[in-house]
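Printed here is data_2.txt (compact mmCIF, C-alpha atoms and all ligand atoms):
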# COMPACT_ATOMS: atom_id res chain seq x y z
CA MET A 15 -16.54 13.50 -130.93
CA ARG A 16 -18.80 13.01 -127.97
CA THR A 17 -18.39 15.30 -125.01
CA SER A 18 -19.17 14.37 -121.46
CA LEU A 19 -22.23 15.90 -119.87
CA PHE A 20 -20.39 15.87 -116.57
CA PRO A 21 -17.78 18.43 -115.67
CA PRO A 22 -14.25 17.04 -115.70
CA PRO A 23 -12.85 16.18 -112.26
CA THR A 24 -10.34 19.03 -112.45
CA SER A 25 -13.17 21.58 -112.22
CA ARG A 26 -14.05 20.40 -108.73
CA LEU A 27 -12.76 22.51 -105.91
CA PRO A 28 -9.63 20.99 -104.42
CA HIS A 29 -9.92 19.88 -100.83
CA VAL A 30 -8.25 22.43 -98.62
CA ARG A 31 -7.34 21.32 -95.15
CA GLN A 32 -8.92 23.66 -92.62
CA THR A 33 -7.93 24.32 -89.04
CA LEU A 34 -10.98 23.83 -86.87
CA MET A 35 -10.68 25.43 -83.45
CA ILE A 36 -13.31 23.85 -81.24
CA ASP A 37 -14.62 24.99 -77.87
CA ALA A 38 -15.06 22.39 -75.13
CA ASP A 39 -17.64 23.25 -72.42
CA ASP A 40 -21.21 23.06 -73.75
CA THR A 41 -19.89 22.39 -77.25
CA LEU A 42 -18.34 18.92 -76.77
CA TRP A 43 -19.82 18.07 -73.37
CA GLU A 44 -22.33 19.29 -70.83
CA ASN A 45 -20.94 21.82 -68.39
CA ASN A 46 -23.23 24.69 -67.54
CA ILE A 47 -26.06 22.48 -66.27
CA TYR A 48 -23.86 21.46 -63.32
CA PHE A 49 -23.16 25.08 -62.41
CA GLU A 50 -26.87 25.90 -62.72
CA ARG A 51 -27.71 23.17 -60.22
CA ALA A 52 -24.99 24.40 -57.88
CA ILE A 53 -26.28 27.97 -58.07
CA ASP A 54 -29.83 26.77 -57.31
CA ALA A 55 -28.41 25.11 -54.19
CA PHE A 56 -26.49 28.30 -53.36
CA VAL A 57 -29.73 30.31 -53.50
CA ASP A 58 -31.23 27.87 -50.99
CA VAL A 59 -28.22 28.26 -48.69
CA VAL A 60 -28.48 32.06 -48.86
CA ALA A 61 -32.20 31.81 -47.93
CA HIS A 62 -32.49 35.57 -48.25
CA PRO A 63 -35.21 37.09 -46.01
CA GLU A 64 -36.25 39.76 -48.55
CA LEU A 65 -34.99 38.92 -52.02
CA SER A 66 -36.78 36.28 -54.09
CA PRO A 67 -34.71 33.36 -55.45
CA PRO A 68 -34.61 34.92 -58.97
CA GLN A 69 -33.42 38.21 -57.44
CA VAL A 70 -30.68 36.41 -55.49
CA ARG A 71 -29.69 34.64 -58.69
CA GLU A 72 -29.53 37.88 -60.65
CA ARG A 73 -27.39 39.57 -58.01
CA PHE A 74 -25.06 36.59 -57.85
CA ASP A 75 -24.65 36.68 -61.65
CA GLN A 76 -23.77 40.37 -61.46
CA PHE A 77 -21.35 39.71 -58.61
CA GLU A 78 -19.67 36.86 -60.46
CA ALA A 79 -19.35 38.98 -63.62
CA THR A 80 -17.23 41.47 -61.68
CA ARG A 81 -14.93 38.69 -60.45
CA VAL A 82 -14.18 36.50 -63.47
CA HIS A 83 -11.75 38.99 -64.98
CA THR A 84 -9.60 38.97 -61.87
CA HIS A 85 -10.27 35.47 -60.50
CA GLY A 86 -10.61 33.53 -63.76
CA TYR A 87 -12.82 30.54 -64.55
CA GLY A 88 -13.12 27.02 -63.24
CA VAL A 89 -14.50 25.34 -60.17
CA ASP A 90 -12.00 26.80 -57.68
CA ALA A 91 -12.87 30.33 -58.81
CA PHE A 92 -16.56 29.40 -58.68
CA HIS A 93 -16.22 28.06 -55.13
CA ALA A 94 -14.53 31.29 -54.05
CA SER A 95 -17.36 33.25 -55.71
CA LEU A 96 -19.96 31.25 -53.78
CA LEU A 97 -18.25 32.06 -50.47
CA ALA A 98 -17.73 35.73 -51.29
CA GLY A 99 -21.20 35.93 -52.88
CA PHE A 100 -22.80 34.63 -49.72
CA GLU A 101 -21.20 37.40 -47.70
CA HIS A 102 -21.99 39.98 -50.40
CA LEU A 103 -25.68 39.01 -50.49
CA THR A 104 -26.33 38.46 -46.78
CA GLY A 105 -23.93 40.97 -45.26
CA THR A 106 -22.76 38.26 -42.85
CA ALA A 107 -19.79 35.92 -42.78
CA CYS A 108 -20.28 32.24 -43.62
CA ASN A 109 -20.58 30.02 -40.56
CA ASP A 110 -19.24 26.47 -40.66
CA ALA A 111 -22.55 25.02 -41.85
CA HIS A 112 -22.83 27.54 -44.70
CA ALA A 113 -19.21 26.95 -45.73
CA ALA A 114 -19.76 23.18 -45.76
CA ALA A 115 -22.93 23.55 -47.85
CA LEU A 116 -21.15 25.78 -50.38
CA ALA A 117 -18.18 23.41 -50.52
CA ALA A 118 -20.65 20.65 -51.37
CA CYS A 119 -22.09 22.80 -54.20
CA ALA A 120 -18.62 23.18 -55.71
CA ALA A 121 -17.79 19.51 -55.11
CA HIS A 122 -20.84 18.42 -57.12
CA VAL A 123 -19.61 20.45 -60.08
CA ARG A 124 -16.05 19.15 -59.71
CA GLY A 125 -17.20 15.55 -59.46
CA ALA A 126 -19.71 15.66 -62.31
CA GLU A 127 -19.21 12.97 -64.92
CA ILE A 128 -18.22 14.07 -68.40
CA GLU A 129 -21.33 13.78 -70.51
CA VAL A 130 -20.22 14.03 -74.14
CA LEU A 131 -22.93 15.57 -76.31
CA HIS A 132 -24.76 13.49 -78.91
CA GLY A 133 -22.79 12.71 -82.08
CA VAL A 134 -19.62 14.48 -80.95
CA ALA A 135 -17.24 11.51 -80.81
CA GLU A 136 -18.16 10.16 -84.27
CA THR A 137 -18.11 13.62 -85.82
CA LEU A 138 -14.68 14.45 -84.41
CA SER A 139 -13.38 11.13 -85.71
CA HIS A 140 -14.46 12.01 -89.26
CA LEU A 141 -13.36 15.63 -89.11
CA ALA A 142 -9.89 14.72 -87.81
CA GLN A 143 -9.22 12.66 -90.95
CA ARG A 144 -9.45 15.69 -93.24
CA HIS A 145 -8.80 18.71 -91.06
CA THR A 146 -6.59 19.85 -88.19
CA LEU A 147 -8.51 20.00 -84.94
CA MET A 148 -7.43 22.34 -82.15
CA LEU A 149 -9.25 22.41 -78.83
CA VAL A 150 -9.54 26.02 -77.66
CA THR A 151 -10.97 26.43 -74.20
CA LYS A 152 -10.43 28.70 -71.23
CA GLY A 153 -10.14 28.31 -67.49
CA SER A 154 -7.97 26.16 -65.28
CA HIS A 155 -5.44 24.18 -67.31
CA ALA A 156 -5.55 21.13 -65.03
CA GLU A 157 -9.35 21.13 -64.90
CA GLN A 158 -9.89 21.49 -68.64
CA THR A 159 -7.22 18.99 -69.70
CA GLY A 160 -8.51 16.58 -67.05
CA LYS A 161 -12.02 16.79 -68.51
CA LEU A 162 -10.62 16.28 -72.02
CA GLU A 163 -8.79 13.14 -70.95
CA ARG A 164 -11.86 11.75 -69.17
CA SER A 165 -14.03 12.52 -72.20
CA GLY A 166 -12.07 10.08 -74.37
CA LEU A 167 -11.84 12.77 -77.08
CA LEU A 168 -8.22 13.89 -76.58
CA HIS A 169 -6.75 11.80 -79.41
CA HIS A 170 -8.77 13.68 -82.04
CA PHE A 171 -6.97 16.95 -81.36
CA ALA A 172 -3.64 17.97 -82.86
CA GLN A 173 -3.35 20.80 -80.34
CA VAL A 174 -4.95 21.77 -77.06
CA GLU A 175 -5.00 25.38 -75.92
CA VAL A 176 -6.34 26.38 -72.50
CA LEU A 177 -6.43 30.17 -72.49
CA ARG A 178 -6.98 32.57 -69.64
CA GLU A 179 -9.53 34.47 -71.71
CA LYS A 180 -10.90 34.03 -75.23
CA HIS A 181 -10.89 37.56 -76.62
CA ALA A 182 -9.97 38.73 -80.13
CA ASP A 183 -6.28 39.19 -79.23
CA ALA A 184 -6.15 35.61 -77.93
CA TYR A 185 -7.35 34.36 -81.34
CA ARG A 186 -4.88 36.65 -83.15
CA ASP A 187 -2.13 35.21 -80.98
CA LEU A 188 -3.13 31.65 -81.95
CA LEU A 189 -3.06 32.59 -85.65
CA LEU A 190 0.46 33.95 -85.20
CA ARG A 191 1.82 31.15 -83.02
CA TYR A 192 0.60 28.40 -85.33
CA ALA A 193 1.18 30.42 -88.55
CA LEU A 194 -2.45 29.92 -89.60
CA ASP A 195 -4.24 31.50 -92.54
CA PRO A 196 -7.43 33.03 -91.09
CA GLY A 197 -9.17 32.27 -94.39
CA ASN A 198 -8.79 28.55 -93.67
CA THR A 199 -9.38 28.73 -89.93
CA TRP A 200 -12.67 28.37 -88.08
CA MET A 201 -13.85 28.73 -84.51
CA ILE A 202 -16.70 26.42 -83.51
CA GLY A 203 -18.55 26.92 -80.24
CA ASN A 204 -21.66 27.74 -78.23
CA SER A 205 -20.64 31.13 -76.84
CA PRO A 206 -21.19 34.32 -78.84
CA ARG A 207 -19.03 36.21 -76.34
CA SER A 208 -16.03 33.86 -76.19
CA ASP A 209 -16.18 31.82 -79.38
CA ILE A 210 -18.00 33.58 -82.19
CA ASN A 211 -17.63 37.34 -81.84
CA PRO A 212 -13.92 37.51 -80.90
CA ALA A 213 -13.04 34.92 -83.57
CA LEU A 214 -14.85 36.97 -86.22
CA ALA A 215 -13.08 40.09 -84.95
CA ALA A 216 -9.74 38.29 -85.42
CA GLY A 217 -10.64 37.40 -89.02
CA LEU A 218 -11.56 33.73 -88.62
CA HIS A 219 -14.69 32.06 -89.94
CA ALA A 220 -17.06 30.76 -87.27
CA VAL A 221 -19.68 28.12 -86.58
CA TYR A 222 -22.21 29.00 -83.91
CA LEU A 223 -23.66 25.96 -82.16
CA PRO A 224 -26.14 27.28 -79.58
CA HIS A 225 -26.61 25.21 -76.42
CA PRO A 226 -29.93 25.56 -74.54
CA SER A 227 -28.02 25.96 -71.26
CA THR A 228 -25.42 28.62 -71.92
CA TRP A 229 -23.97 30.59 -69.01
CA VAL A 230 -25.46 34.06 -68.78
CA LEU A 231 -21.97 35.59 -68.94
CA GLU A 232 -21.37 33.90 -72.30
CA GLN A 233 -24.53 35.24 -73.92
CA ASP A 234 -24.41 38.09 -76.41
CA ASP A 235 -25.74 39.11 -79.81
CA VAL A 236 -23.85 37.40 -82.61
CA SER A 237 -21.76 39.82 -84.68
CA THR A 238 -22.24 40.24 -88.42
CA PRO A 239 -19.32 38.73 -90.34
CA ALA A 240 -17.24 40.97 -92.60
CA ASP A 241 -17.20 40.50 -96.38
CA GLY A 242 -15.58 37.19 -97.24
CA GLN A 243 -16.01 35.80 -93.74
CA LYS A 244 -18.32 32.85 -93.20
CA LEU A 245 -20.61 32.36 -90.22
CA LEU A 246 -22.69 29.21 -89.97
CA GLN A 247 -25.32 28.47 -87.35
CA LEU A 248 -26.00 24.78 -86.82
CA HIS A 249 -28.34 22.86 -84.52
CA THR A 250 -26.18 19.83 -83.83
CA PHE A 251 -22.48 19.00 -83.74
CA SER A 252 -23.03 16.25 -86.32
CA GLU A 253 -24.12 18.82 -88.90
CA LEU A 254 -20.47 19.89 -89.15
CA LEU A 255 -19.99 16.89 -91.42
CA HIS A 256 -22.19 18.54 -94.06
CA HIS A 257 -19.81 21.48 -94.22
CA PHE A 258 -16.39 19.96 -93.52
CA ALA A 259 -16.67 16.53 -95.12
MG MG B 301 -18.54 26.77 -74.36

Write-out of the structure in structure tokens:
Amino acid sequence: MRTSLFPPPTSRLPHVRQTLMIDADDTLWENNIYFERAIDAFVDVVAHPELSPPQVRERFDQFEATRVHTHGYGVDAFHASLLAGFEHLTGTACNDAHAAALAACAAHVRGAEIEVLHGVAETLSHLAQRHTLMLVTKGSHAEQTGKLERSGLLHHFAQVEVLREKHADAYRDLLLRYALDPGNTWMIGNSPRSDINPALAAGLHAVYLPHPSTWVLEQDDVSTPADGQKLLQLHTFSELLHHFA
């Protein structure tokens, strides 16, 4: 009796539906570049007599880092940081001209078009056929859901979660609320601090997708996954199809 040289179909791994949690800003669409431009304009408005532009930038980053935990994320919080940062850096109150210039900085960020990153729409379309997609972002609920609607990507997601902060407990809470098995759950994003490290700490697998313009407050060394945990680093969003086909 002849035997097949090919393994029988039953030996193939069964397809297991995964839950793919996916970050939004700088993973699905451009975001940080607009803030970078606004901060460059802020440095011009400050026009510090002694500090160089890079020094003003560094001090503003430090100032903002102390505020995000209490004031949150999003353009409104950013606008407030620009106003308070001006006074912090110059030691003087904003006059009307300064306030108008800083309002314009924030308005440019708020009015920026959604620029979906290359390959994202097609990749989400394929992934959504075989896996459960959950958008997991942080910041202002209205701002983030508004961007998602304008992006044209909303229909790919089974769930949308806009969290106040993306720390390990926030990921543990999502696992509990949606009764998810961490062994079949992944977090995909550009931020080591908000996407990769806390997700690994909560027991999820992770896909790190670095973006060349990542906010300084989101940068960190990537943690080492525990035994049995998977951590992929990809160059493009489309490469997800090689791993989650
Ligand atoms: Mg991000």

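Residue nearest Thr159 in chain A within the list A:Asp195, A:Glu175, A:Asp235, A:Glu129: A:Glu175 [criterion: smallest interatomic distance, only C-alpha atoms].
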
Exercise. Excluding same-chain residues fewer than 2 positions from range 239-247 of chain A, what lies within 9 Å of it counting only C-alpha atoms, as a PyMOL selection string?
Worked result: chain A and resi 197+200+210-211+214-215+217-224+237+249

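Proximity to Ala114 in chain A was assessed for A:Ala98, A:Leu138, A:Val59, A:Met148 counting all atoms listed in the file; the smallest distance is recorded for A:Val59.
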
Please tabulate, as a tab-separated table, the residues of chain A that come within 8 Å of ligand MG 301 (chain B), each with its closest pair of atoms and the distance in Å to one decimal, counting all atoms listed in the file and ordering rows by chain, then residue number upward.
residue	atom	partner	partner_atom	distance
A:Asp37	CA	B:MG301	MG	5.6
A:Ala38	CA	B:MG301	MG	5.6
A:Asp39	CA	B:MG301	MG	4.1
A:Asp40	CA	B:MG301	MG	4.6
A:Thr41	CA	B:MG301	MG	5.4
A:Thr151	CA	B:MG301	MG	7.6
A:Gly203	CA	B:MG301	MG	5.9
A:Asn204	CA	B:MG301	MG	5.1
A:Ser205	CA	B:MG301	MG	5.4
A:Ser208	CA	B:MG301	MG	7.7
A:Asp209	CA	B:MG301	MG	7.5
A:Thr228	CA	B:MG301	MG	7.5
A:Glu232	CA	B:MG301	MG	7.9

If you count all atoms listed in the file, which residues fall within 12 Å of range 78-93 of chain A, apart from same-chain ones fewer than 2 positions away, as a tab-separated table (two decimals) with C-alpha atoms, keeping the file's coordinate frame?
chain	number	residue	atom	x	y	z
A	39	ASP	CA	-17.64	23.25	-72.42
A	45	ASN	CA	-20.94	21.82	-68.39
A	46	ASN	CA	-23.23	24.69	-67.54
A	48	TYR	CA	-23.86	21.46	-63.32
A	49	PHE	CA	-23.16	25.08	-62.41
A	50	GLU	CA	-26.87	25.90	-62.72
A	52	ALA	CA	-24.99	24.40	-57.88
A	53	ILE	CA	-26.28	27.97	-58.07
A	56	PHE	CA	-26.49	28.30	-53.36
A	71	ARG	CA	-29.69	34.64	-58.69
A	72	GLU	CA	-29.53	37.88	-60.65
A	73	ARG	CA	-27.39	39.57	-58.01
A	74	PHE	CA	-25.06	36.59	-57.85
A	75	ASP	CA	-24.65	36.68	-61.65
A	76	GLN	CA	-23.77	40.37	-61.46
A	95	SER	CA	-17.36	33.25	-55.71
A	96	LEU	CA	-19.96	31.25	-53.78
A	97	LEU	CA	-18.25	32.06	-50.47
A	98	ALA	CA	-17.73	35.73	-51.29
A	99	GLY	CA	-21.20	35.93	-52.88
A	100	PHE	CA	-22.80	34.63	-49.72
A	102	HIS	CA	-21.99	39.98	-50.40
A	103	LEU	CA	-25.68	39.01	-50.49
A	113	ALA	CA	-19.21	26.95	-45.73
A	114	ALA	CA	-19.76	23.18	-45.76
A	115	ALA	CA	-22.93	23.55	-47.85
A	116	LEU	CA	-21.15	25.78	-50.38
A	117	ALA	CA	-18.18	23.41	-50.52
A	118	ALA	CA	-20.65	20.65	-51.37
A	119	CYS	CA	-22.09	22.80	-54.20
A	120	ALA	CA	-18.62	23.18	-55.71
A	121	ALA	CA	-17.79	19.51	-55.11
A	122	HIS	CA	-20.84	18.42	-57.12
A	123	VAL	CA	-19.61	20.45	-60.08
A	124	ARG	CA	-16.05	19.15	-59.71
A	125	GLY	CA	-17.20	15.55	-59.46
A	126	ALA	CA	-19.71	15.66	-62.31
A	151	THR	CA	-10.97	26.43	-74.20
A	152	LYS	CA	-10.43	28.70	-71.23
A	153	GLY	CA	-10.14	28.31	-67.49
A	154	SER	CA	-7.97	26.16	-65.28
A	155	HIS	CA	-5.44	24.18	-67.31
A	156	ALA	CA	-5.55	21.13	-65.03
A	157	GLU	CA	-9.35	21.13	-64.90
A	158	GLN	CA	-9.89	21.49	-68.64
A	159	THR	CA	-7.22	18.99	-69.70
A	161	LYS	CA	-12.02	16.79	-68.51
A	176	VAL	CA	-6.34	26.38	-72.50
A	177	LEU	CA	-6.43	30.17	-72.49
A	178	ARG	CA	-6.98	32.57	-69.64
A	179	GLU	CA	-9.53	34.47	-71.71
A	180	LYS	CA	-10.90	34.03	-75.23
A	181	HIS	CA	-10.89	37.56	-76.62
A	229	TRP	CA	-23.97	30.59	-69.01
A	230	VAL	CA	-25.46	34.06	-68.78
A	231	LEU	CA	-21.97	35.59	-68.94
A	232	GLU	CA	-21.37	33.90	-72.30

Exercise. Quick one: residues within 8 Å of range 250-257 of chain A, all atoms listed in the file counted, chain neighbours fewer than 4 positions away excluded, as a ChimeraX atom specification?
Worked result: /A:41,132-134,137,140-141,223

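In this model, the gap between CA of Leu65 in chain A and CA of His112 in chain A comes to 18.2 Å.
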
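Comparing A:Glu101, A:Ala216, A:Asn109, A:Pro63 by their smallest distance to Pro196 in chain A, the closest is A:Ala216 (using all atoms listed in the file).
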
Exercise. Mind pulling up the distance from CA of Ala135 in chain A to CA of Phe258 in chain A?
Worked result: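 Computed distance, CA of Phe258 in chain A to CA of Ala135 in chain A, equals 15.3 Å.
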
Exercise. Using only C-alpha atoms, which of A:Ala107, A:Leu34, A:Ile202, A:Ile128 sits nearest Glu163 in chain A?
Worked result: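 Checking each of A:Ala107, A:Leu34, A:Ile202, A:Ile128 against Glu163 in chain A, counting only C-alpha atoms, the winner is A:Ile128.
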
Exercise. Which distance in Å separates CA of Leu147 in chain A and CA of Gln173 in chain A, to one decimal?
Worked result: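 Computing the Euclidean distance for CA of Leu147 in chain A and CA of Gln173 in chain A yields 7.0 Å.
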